[in-house]
$ cat data-v6.txt   # compact mmCIF, C-alpha atoms
# COMPACT_ATOMS: atom_id res chain seq x y z
CA MET P 1 49.23 -25.09 20.72
CA ASP P 2 47.86 -26.49 17.47
CA ARG P 3 50.15 -26.45 14.50
CA ILE P 4 49.06 -26.46 10.91
CA PRO P 5 50.90 -29.19 8.99
CA ILE P 6 52.69 -28.26 5.77
CA LEU P 7 53.15 -31.12 3.31
CA LYS P 8 55.59 -31.18 0.46
CA MET P 9 54.44 -32.61 -2.85
CA GLY P 10 56.88 -32.30 -5.70
CA GLU P 11 57.72 -28.64 -5.90
CA CYS P 12 54.53 -27.60 -4.17
CA LEU P 13 53.61 -27.12 -0.54
CA LEU P 14 50.21 -28.25 0.65
CA VAL P 15 48.56 -26.57 3.61
CA SER P 16 45.18 -27.79 4.76
CA ILE P 17 43.69 -25.76 7.57
CA GLN P 18 41.53 -28.15 9.59
CA VAL P 19 41.15 -26.19 12.84
CA ASP P 20 39.56 -22.87 13.64
CA MET P 21 42.08 -20.18 12.82
CA ASP P 22 42.93 -17.69 15.49
CA ASP P 23 45.32 -14.79 15.12
CA ASP P 24 48.32 -16.57 16.70
CA LEU P 25 47.83 -19.60 14.51
CA ALA P 26 47.71 -17.40 11.41
CA LEU P 27 50.95 -15.67 12.40
CA ALA P 28 52.60 -19.04 13.11
CA LEU P 29 51.47 -20.30 9.70
CA ARG P 30 52.93 -17.21 8.02
CA ASP P 31 56.30 -17.78 9.72
CA SER P 32 56.55 -21.51 9.12
CA LEU P 33 55.27 -21.34 5.56
CA THR P 34 57.72 -18.67 4.44
CA SER P 35 60.65 -20.59 5.93
CA ARG P 36 59.47 -23.84 4.35
CA ILE P 37 59.20 -22.17 0.92
CA VAL P 38 62.84 -21.16 1.16
CA GLN P 39 63.96 -24.44 2.70
CA ASP P 40 62.17 -26.69 0.17
CA LYS P 41 62.67 -24.38 -2.82
CA ALA P 42 58.94 -24.59 -3.43
CA ARG P 43 57.41 -23.10 -6.59
CA GLY P 44 53.78 -23.41 -5.59
CA VAL P 45 51.70 -23.17 -2.42
CA LEU P 46 48.21 -24.56 -2.10
CA ILE P 47 46.12 -23.49 0.89
CA ASP P 48 42.93 -25.46 1.47
CA ILE P 49 40.38 -23.67 3.64
CA SER P 50 37.40 -25.93 2.97
CA SER P 51 37.06 -26.71 6.69
CA LEU P 52 37.02 -23.08 7.74
CA ASP P 53 33.60 -21.78 8.78
CA ILE P 54 34.73 -18.31 9.67
CA VAL P 55 37.35 -16.10 8.07
CA ASP P 56 37.57 -12.70 9.73
CA SER P 57 39.28 -9.64 8.36
CA PHE P 58 42.55 -10.44 10.10
CA ILE P 59 42.75 -13.98 8.73
CA GLY P 60 41.69 -12.71 5.31
CA ARG P 61 44.43 -10.11 5.32
CA MET P 62 46.92 -12.65 6.59
CA LEU P 63 46.08 -15.00 3.71
CA ALA P 64 46.62 -12.14 1.26
CA ASN P 65 49.93 -11.33 2.98
CA ILE P 66 51.10 -14.94 2.81
CA ALA P 67 50.32 -14.98 -0.92
CA ALA P 68 52.25 -11.74 -1.43
CA MET P 69 55.24 -13.02 0.56
CA ALA P 70 55.25 -16.32 -1.35
CA LYS P 71 55.26 -14.35 -4.60
CA ILE P 72 58.38 -12.48 -3.52
CA LEU P 73 59.95 -15.86 -2.78
CA ASP P 74 58.96 -16.94 -6.32
CA ALA P 75 56.16 -19.28 -5.34
CA GLN P 76 52.64 -19.10 -6.70
CA THR P 77 49.80 -19.34 -4.14
CA VAL P 78 46.37 -20.81 -4.79
CA LEU P 79 43.60 -20.60 -2.21
CA VAL P 80 41.11 -23.45 -2.61
CA GLY P 81 37.82 -24.67 -1.17
CA MET P 82 36.39 -21.44 0.15
CA ARG P 83 32.82 -21.94 1.33
CA PRO P 84 29.99 -19.80 -0.08
CA SER P 85 29.25 -18.23 3.30
CA VAL P 86 32.91 -17.32 3.79
CA ALA P 87 33.13 -15.80 0.31
CA MET P 88 30.05 -13.69 1.00
CA THR P 89 31.41 -12.50 4.34
CA LEU P 90 34.76 -11.54 2.86
CA VAL P 91 33.10 -9.56 0.07
CA GLU P 92 30.91 -7.78 2.63
CA LEU P 93 34.06 -6.94 4.57
CA GLY P 94 35.48 -5.45 1.38
CA LEU P 95 38.23 -8.08 1.19
CA SER P 96 38.09 -9.46 -2.31
CA LEU P 97 41.74 -10.60 -2.15
CA PRO P 98 42.65 -9.35 -5.64
CA GLY P 99 46.25 -10.52 -5.45
CA ILE P 100 45.49 -14.12 -4.72
CA GLN P 101 44.57 -16.96 -7.08
CA THR P 102 41.60 -19.12 -6.17
CA ALA P 103 40.18 -22.48 -7.19
CA LEU P 104 37.08 -24.43 -6.30
CA ASN P 105 38.79 -27.53 -4.89
CA VAL P 106 42.21 -29.09 -4.31
CA ASP P 107 42.05 -30.91 -7.64
CA ARG P 108 41.63 -27.70 -9.65
CA GLY P 109 44.17 -25.92 -7.47
CA LEU P 110 46.82 -28.51 -8.24
CA LYS P 111 46.06 -28.20 -11.95
CA LEU P 112 46.54 -24.45 -11.70
CA LEU P 113 49.91 -24.97 -10.05
CA HIS P 114 50.84 -27.63 -12.64
CA CYS P 115 51.70 -29.78 -9.69
CA SER P 116 50.87 -33.40 -10.38
CA PRO P 117 50.52 -35.88 -7.50
CA GLN P 118 53.20 -38.08 -9.13
CA GLY P 119 55.79 -35.78 -7.66
CA GLU P 120 57.08 -34.75 -11.08
CA SER P 121 56.29 -31.08 -10.97
CA SER P 122 56.04 -29.28 -14.22
CA ALA P 123 55.91 -25.86 -12.58
CA ALA P 124 59.49 -25.22 -13.55
CA LYS P 125 58.75 -25.83 -17.22
CA HIS P 126 56.20 -23.07 -17.22
CA HIS P 127 58.46 -20.48 -15.67
CA MET C 1 -22.01 -11.39 39.34
CA PRO C 2 -23.89 -12.71 36.31
CA SER C 3 -23.88 -10.14 33.55
CA LYS C 4 -27.25 -8.75 32.53
CA LEU C 5 -26.01 -8.69 29.00
CA ALA C 6 -25.27 -12.40 29.10
CA SER C 7 -28.73 -13.31 30.28
CA LEU C 8 -30.22 -10.97 27.70
CA ILE C 9 -28.34 -12.75 24.93
CA GLU C 10 -29.24 -16.13 26.35
CA GLN C 11 -32.96 -15.31 26.46
CA HIS C 12 -33.21 -13.87 23.00
CA GLU C 13 -30.39 -15.64 21.20
CA SER C 14 -32.31 -16.69 18.11
CA GLU C 15 -34.12 -13.34 17.66
CA LEU C 16 -30.85 -11.50 18.14
CA LEU C 17 -29.19 -13.69 15.55
CA ASP C 18 -31.91 -12.99 13.00
CA GLU C 19 -31.81 -9.26 13.62
CA TRP C 20 -28.02 -9.24 13.46
CA LEU C 21 -28.02 -11.11 10.14
CA GLU C 22 -30.56 -8.62 8.84
CA HIS C 23 -28.32 -5.70 9.82
CA GLN C 24 -25.25 -7.38 8.32
CA LYS C 25 -26.93 -7.96 4.99
CA ARG C 26 -28.17 -4.41 4.84
CA ALA C 27 -24.72 -3.00 5.69
CA LEU C 28 -22.87 -5.21 3.23
CA GLY C 29 -25.22 -4.49 0.32
CA SER C 30 -24.03 -6.17 -2.87
CA ALA C 31 -20.91 -7.52 -1.16
CA ALA C 32 -23.17 -9.95 0.72
CA GLN C 33 -23.30 -12.07 -2.44
CA ARG C 34 -19.74 -13.16 -1.80
CA ILE C 35 -20.81 -15.23 1.15
CA SER C 36 -23.69 -17.68 1.44
CA ASP C 37 -26.46 -17.18 3.99
CA GLY C 38 -25.51 -20.43 5.63
CA GLN C 39 -21.86 -19.41 6.08
CA MET C 40 -22.86 -16.04 7.45
CA ARG C 41 -25.31 -17.64 9.86
CA THR C 42 -22.76 -20.20 11.10
CA ALA C 43 -20.10 -17.56 11.69
CA SER C 44 -22.55 -15.24 13.45
CA GLN C 45 -23.91 -18.06 15.56
CA ARG C 46 -20.44 -19.07 16.67
CA LEU C 47 -19.50 -15.55 17.61
CA LEU C 48 -22.72 -14.93 19.47
CA GLY C 49 -22.32 -18.19 21.38
CA ALA C 50 -18.71 -17.36 22.25
CA LEU C 51 -19.72 -13.87 23.32
CA ARG C 52 -22.44 -15.20 25.60
CA MET C 53 -20.11 -17.72 27.25
CA THR C 54 -17.39 -15.12 27.68
CA LEU C 55 -19.82 -12.66 29.23
CA GLN C 56 -21.08 -15.31 31.60
CA ALA C 57 -17.59 -16.27 32.67
CA HIS C 58 -15.76 -12.95 32.80
CA GLY C 59 -18.29 -10.11 32.68
CA PRO C 60 -18.25 -7.30 30.10
CA GLU C 61 -14.97 -5.65 31.24
CA ALA C 62 -12.63 -8.59 30.66
CA ALA C 63 -14.58 -10.13 27.78
CA ALA C 64 -12.63 -8.42 25.00
CA LYS C 65 -9.45 -10.18 26.15
CA ASP C 66 -10.83 -13.69 26.41
CA PRO C 67 -8.80 -16.03 24.17
CA ALA C 68 -11.82 -18.17 23.27
CA LEU C 69 -13.65 -15.15 21.89
CA LEU C 70 -10.54 -13.82 20.11
CA GLN C 71 -10.04 -17.18 18.48
CA VAL C 72 -13.51 -17.02 16.93
CA LEU C 73 -12.80 -13.47 15.73
CA ASP C 74 -9.48 -14.63 14.24
CA ALA C 75 -11.21 -17.39 12.32
CA VAL C 76 -13.84 -15.02 10.95
CA SER C 77 -11.27 -12.41 9.85
CA HIS C 78 -9.10 -14.98 8.10
CA GLU C 79 -12.17 -16.31 6.32
CA ARG C 80 -13.19 -12.84 5.18
CA VAL C 81 -9.70 -12.05 3.86
CA ALA C 82 -9.76 -15.25 1.84
CA GLN C 83 -13.20 -14.36 0.46
CA GLY C 84 -11.93 -10.96 -0.68
CA PHE C 85 -13.85 -8.70 1.69
CA SER C 86 -12.54 -5.21 2.34
CA PRO C 87 -11.44 -4.23 5.88
CA SER C 88 -14.58 -2.20 6.54
CA GLU C 89 -16.82 -4.98 5.25
CA THR C 90 -15.08 -7.30 7.69
CA ALA C 91 -15.52 -4.87 10.55
CA VAL C 92 -19.22 -4.46 9.71
CA PHE C 93 -19.65 -8.06 10.79
CA VAL C 94 -18.94 -7.05 14.39
CA PHE C 95 -20.33 -3.52 14.34
CA SER C 96 -23.73 -4.55 13.06
CA LEU C 97 -24.19 -6.65 16.18
CA LYS C 98 -24.12 -3.37 18.07
CA GLU C 99 -27.26 -2.19 16.29
CA ALA C 100 -29.04 -5.47 16.97
CA LEU C 101 -28.07 -5.43 20.63
CA TYR C 102 -29.04 -1.77 20.96
CA ASP C 103 -32.57 -2.45 19.75
CA ARG C 104 -32.84 -5.34 22.14
CA LEU C 105 -31.52 -3.29 25.08
CA GLN C 106 -33.94 -0.51 24.34
CA LYS C 107 -36.86 -2.93 24.55
CA GLU C 108 -35.52 -4.43 27.76
CA PHE C 109 -34.38 -1.36 29.71
CA GLY C 110 -36.38 1.37 27.95
CA ASN C 111 -37.87 2.55 31.23
CA ASP C 112 -34.70 2.45 33.32
CA ALA C 113 -32.44 5.17 31.92
CA ALA C 114 -29.54 4.46 34.28
CA ALA C 115 -29.43 0.72 33.53
CA PHE C 116 -29.94 1.37 29.80
CA SER C 117 -27.03 3.77 29.55
CA LYS C 118 -24.75 1.51 31.58
CA GLU C 119 -25.52 -1.55 29.46
CA THR C 120 -25.26 0.46 26.26
CA TRP C 121 -21.88 1.73 27.34
CA ASP C 122 -20.70 -1.81 28.11
CA VAL C 123 -21.91 -3.12 24.78
CA THR C 124 -20.34 -0.24 22.87
CA ARG C 125 -16.98 -0.63 24.55
CA LEU C 126 -16.90 -4.39 24.16
CA LEU C 127 -17.93 -4.38 20.53
CA ASP C 128 -15.56 -1.54 19.65
CA ASN C 129 -12.70 -3.56 21.06
CA MET C 130 -13.82 -6.61 19.15
CA GLY C 131 -14.14 -4.58 15.97
CA LEU C 132 -10.64 -3.18 16.36
CA TYR C 133 -9.30 -6.64 16.95
CA THR C 134 -10.97 -7.90 13.78
CA PHE C 135 -9.42 -5.03 11.91
CA GLU C 136 -5.97 -5.84 13.23
CA THR C 137 -6.29 -9.52 12.42
CA TYR C 138 -7.46 -8.65 8.94
CA GLN C 139 -4.40 -6.45 8.47
CA LYS C 140 -2.12 -9.18 9.82
CA SER C 141 -3.51 -11.81 7.45
CA ARG C 142 -2.97 -9.39 4.56
CA ASP C 143 0.62 -8.76 5.66
CA ASP C 144 1.25 -12.49 5.88
CA ILE C 145 0.00 -12.96 2.34
CA ILE C 146 2.20 -10.13 1.07
CA ARG C 147 5.27 -11.49 2.84
CA ARG C 148 4.69 -14.96 1.47
CA GLN C 149 4.26 -13.60 -2.04
CA GLN C 150 7.47 -11.60 -1.75
CA GLN C 151 9.31 -14.73 -0.67
CA GLU C 152 7.87 -16.70 -3.57
CA LEU C 153 8.81 -13.92 -5.98
CA LEU C 154 12.39 -13.99 -4.74
CA GLU C 155 12.61 -17.73 -5.22
CA LEU C 156 11.11 -17.48 -8.67
CA SER C 157 13.35 -14.73 -9.89
CA THR C 158 16.78 -16.17 -9.14
CA PRO C 159 17.26 -19.45 -10.95
CA VAL C 160 20.75 -20.80 -11.64
CA MET C 161 21.08 -23.20 -14.53
CA GLU C 162 23.85 -25.27 -16.00
CA LEU C 163 24.46 -24.42 -19.65
CA TRP C 164 27.31 -26.82 -20.16
CA ASP C 165 29.46 -29.01 -18.00
CA GLY C 166 30.92 -26.51 -15.52
CA ILE C 167 29.32 -23.43 -17.08
CA LEU C 168 26.50 -21.82 -15.11
CA ALA C 169 24.04 -19.18 -16.28
CA LEU C 170 22.26 -16.81 -13.92
CA PRO C 171 19.59 -14.78 -15.68
CA LEU C 172 18.67 -11.84 -13.47
CA ILE C 173 15.20 -10.37 -13.80
CA GLY C 174 14.02 -7.28 -11.95
CA THR C 175 15.71 -4.63 -9.89
CA LEU C 176 18.72 -5.65 -7.83
CA ASP C 177 18.62 -4.40 -4.25
CA SER C 178 20.87 -5.53 -1.45
CA GLY C 179 18.39 -8.12 -0.19
CA ARG C 180 18.11 -9.72 -3.61
CA THR C 181 21.84 -9.55 -4.24
CA GLN C 182 22.33 -11.56 -1.07
CA ILE C 183 19.98 -14.29 -2.34
CA VAL C 184 21.41 -14.21 -5.86
CA MET C 185 24.91 -14.55 -4.44
CA GLN C 186 23.90 -17.36 -2.13
CA ASN C 187 22.17 -19.27 -4.95
CA LEU C 188 25.07 -18.79 -7.33
CA LEU C 189 27.74 -19.86 -4.84
CA ASP C 190 25.76 -22.88 -3.73
CA ALA C 191 25.29 -23.88 -7.37
CA VAL C 192 29.02 -23.41 -8.01
CA VAL C 193 29.77 -25.95 -5.29
CA ALA C 194 26.98 -28.33 -6.31
CA LYS C 195 27.80 -28.32 -10.04
CA ASN C 196 31.54 -28.00 -9.65
CA ALA C 197 31.46 -25.02 -11.99
CA ASP C 198 34.44 -22.95 -13.06
CA LEU C 199 32.59 -20.30 -15.04
CA ALA C 200 29.39 -18.39 -14.41
CA ILE C 201 27.52 -16.11 -16.80
CA ILE C 202 25.44 -13.41 -15.13
CA ASP C 203 22.87 -12.21 -17.64
CA ILE C 204 21.34 -8.82 -16.87
CA THR C 205 18.96 -8.57 -19.84
CA GLY C 206 16.04 -8.45 -17.40
CA VAL C 207 17.51 -5.80 -15.12
CA PRO C 208 15.73 -2.54 -15.98
CA THR C 209 18.34 -0.07 -14.72
CA VAL C 210 21.93 -0.28 -13.62
CA ASP C 211 23.03 2.50 -11.30
CA THR C 212 26.12 2.67 -9.13
CA LEU C 213 24.46 0.64 -6.40
CA VAL C 214 23.36 -2.16 -8.72
CA ALA C 215 26.81 -2.21 -10.33
CA GLN C 216 28.35 -2.47 -6.89
CA HIS C 217 26.08 -5.39 -6.07
CA LEU C 218 27.03 -7.09 -9.33
CA LEU C 219 30.71 -6.62 -8.61
CA LYS C 220 30.24 -8.06 -5.12
CA THR C 221 28.71 -11.19 -6.61
CA VAL C 222 31.55 -11.45 -9.11
CA SER C 223 34.17 -11.03 -6.35
CA ALA C 224 32.53 -13.66 -4.15
CA ALA C 225 32.45 -16.13 -7.04
CA ARG C 226 36.09 -15.36 -7.82
CA LEU C 227 37.05 -16.07 -4.21
CA MET C 228 35.69 -19.55 -4.76
CA GLY C 229 37.69 -19.93 -7.92
CA THR C 230 34.93 -19.27 -10.43
CA ASP C 231 35.25 -16.65 -13.16
CA CYS C 232 32.23 -14.56 -14.05
CA ILE C 233 31.07 -13.02 -17.30
CA ILE C 234 28.41 -10.32 -17.31
CA SER C 235 26.21 -10.50 -20.39
CA GLY C 236 23.01 -8.98 -21.71
CA ILE C 237 24.11 -5.38 -21.41
CA ARG C 238 21.69 -3.22 -23.38
CA PRO C 239 22.92 -0.08 -25.16
CA GLN C 240 21.22 2.28 -22.68
CA ILE C 241 22.78 0.41 -19.80
CA ALA C 242 26.24 0.61 -21.38
CA GLN C 243 25.68 4.38 -21.70
CA THR C 244 24.58 4.72 -18.08
CA ILE C 245 27.54 2.71 -16.83
CA ILE C 246 29.97 4.98 -18.65
CA HIS C 247 28.13 8.19 -17.68
CA LEU C 248 28.19 7.17 -14.05
CA GLY C 249 31.84 6.27 -14.29
CA VAL C 250 31.28 2.80 -12.90
CA GLU C 251 34.44 0.71 -12.99
CA LEU C 252 33.78 -2.89 -13.90
CA GLN C 253 37.29 -3.81 -12.74
CA GLY C 254 38.43 -6.32 -15.28
CA VAL C 255 35.17 -8.26 -15.41
CA VAL C 256 34.56 -9.75 -18.85
CA THR C 257 31.39 -8.27 -20.34
CA LYS C 258 29.47 -9.37 -23.42
CA ALA C 259 26.48 -7.87 -25.18
CA SER C 260 24.51 -11.08 -25.38
CA LEU C 261 24.20 -14.40 -23.64
CA SER C 262 25.25 -16.24 -26.79
CA GLY C 263 28.38 -14.10 -26.98
CA ALA C 264 29.18 -14.97 -23.39
CA PHE C 265 28.58 -18.66 -24.04
CA ALA C 266 30.87 -18.61 -27.08
CA TYR C 267 33.54 -16.93 -24.95
CA ALA C 268 33.06 -19.53 -22.23
CA LEU C 269 33.55 -22.39 -24.67
CA GLU C 270 36.62 -20.70 -26.15
CA HIS C 271 37.95 -20.25 -22.63
CA ARG C 272 37.72 -24.02 -22.13
CA LYS C 273 39.32 -24.60 -25.56
CA MET C 274 36.12 -25.96 -27.06
CA SER C 275 34.21 -25.03 -30.16
CA ILE C 276 30.98 -25.93 -31.84
CA VAL C 277 31.40 -26.96 -35.47
CA LYS C 278 28.76 -27.20 -38.12
CA ASN C 279 27.94 -30.69 -39.17
CA SER C 280 28.69 -30.71 -42.89
CA GLY C 281 25.65 -32.83 -43.72
CA ILE C 282 27.35 -36.22 -43.69
CA ALA C 283 24.96 -38.79 -42.23
CA THR C 284 26.39 -40.34 -39.14

$ encode --input "data-v6.txt" --output "structure tokens"
Amino acid sequence: MDRIPILKMGECLLVSIQVDMDDDLALALRDSLTSRIVQDKARGVLIDISSLDIVDSFIGRMLANIAAMAKILDAQTVLVGMRPSVAMTLVELGLSLPGIQTALNVDRGLKLLHCSPQGESSAAKHH
Amino acid sequence: MPSKLASLIEQHESELLDEWLEHQKRALGSAAQRISDGQMRTASQRLLGALRMTLQAHGPEAAAKDPALLQVLDAVSHERVAQGFSPSETAVFVFSLKEALYDRLQKEFGNDAAAFSKETWDVTRLLDNMGLYTFETYQKSRDDIIRRQQQELLELSTPVMELWDGILALPLIGTLDSGRTQIVMQNLLDAVVAKNADLAIIDITGVPTVDTLVAQHLLKTVSAARLMGTDCIISGIRPQIAQTIIHLGVELQGVVTKASLSGAFAYALEHRKMSIVKNSGIAT
């Protein structure tokens, strides 16, 4: 089975979804991401979905759930790189993901998380 | 079996053509000025020729379905639409041939009642079918024009422009229905990606009415843009529209709204920690 890699960068976790998401994969991501947040004491999570063509209601809800779980574990989640067609589909499905922060690309997402690529995270300073 | 009608047309082709043209001109009246005699003659000649060949090949029963004949009819109808003829004026083109042929048949079969009525029946049926076909083609060409114009109107009415680095403006003009919202949304989101924008101003100065449905469409657009990480400001809200929104109890769910486009632009600059200062007159 495919696994979605989770990279650590400073105090942030980077998840880039490069394969088509199915329900099992989404559940696996939820499990591994929550344990990694605890394990790495992460303060921010960045999920890049720029390669995803299709986001169905289950995946959409799962993304919202992951963001909510991360928040409980004191990590801020930013969803980046959503394609126009995906955004339109989600809105039509009535899933506007109000609890989740979004950014246009990884660059902006990292800025939002105050997570610089140098590894010196400033997220802590802002909390 | 060679059709009697075909040989009749073949024998008297030029007289028939003249009579037909005469009938056409009389039926069209002043509308005949829209088309030159030469054009009318060429079109009539082509149709008569095609009709004769079709009759020779297929006989009067199958003639109305012959693609060669239909093609000529298509061409004539399209031409007439372009010249601004009305549907009945276009149909007259075919129906007046009936009169010409009737006269000719009467001269030919005047003494033989059985043959006369049979041929007359054939001619009537054939020409009625052709006339109906012309009518349909005319309608189809009109529909095509209307569809193309609608498409052009949609493209014209949803421009997205870049006001400042990363600030987009989307002036909406006309009523928002679900079809247009889809295109507006698509254009906006594509522009967000292309221009790397983080703020979009949706200006509704040109939207005549905002009811619950339009508000819902606006909110959908705002939500979709937010999902891509772009904040939206709705500007250009006229006093009546503000009143309607409140009367209808529409919730704009935390969307920033401004009365004017300039207000929205000022807010956008402030949001990016920028300001425009007046040059105090010192020459640079």

$ interface_residues --input "data-v6.txt" --of "chain C" --to "chain P" --cutoff "10 Å" --atoms "only C-alpha atoms" --output "ChimeraX atom specification"
/C:182,185-193,196-198,219-231

$ atom_distance --input "data-v6.txt" --atom1 "atom CA of Ala215 of chain C" --atom2 "atom CA of Pro239 of chain C"
15.5 Å

$ residues_near_point --input "data-v6.txt" --point "(58.4, -23.9, -5.9)" --cutoff "10 Å" --atoms "all atoms listed in the file" --output "VMD selection string"
chain P and resid 10 to 13 37 to 38 40 to 45 70 73 to 77 113 115 121 123 to 124

$ atom_distance --input "data-v6.txt" --atom1 "atom CA of Leu126 of chain C" --atom2 "atom CA of Phe95 of chain C"
10.4 Å

$ atom_distance --input "data-v6.txt" --atom1 "atom CA of Ser44 of chain C" --atom2 "atom CA of Leu97 of chain C"
9.2 Å
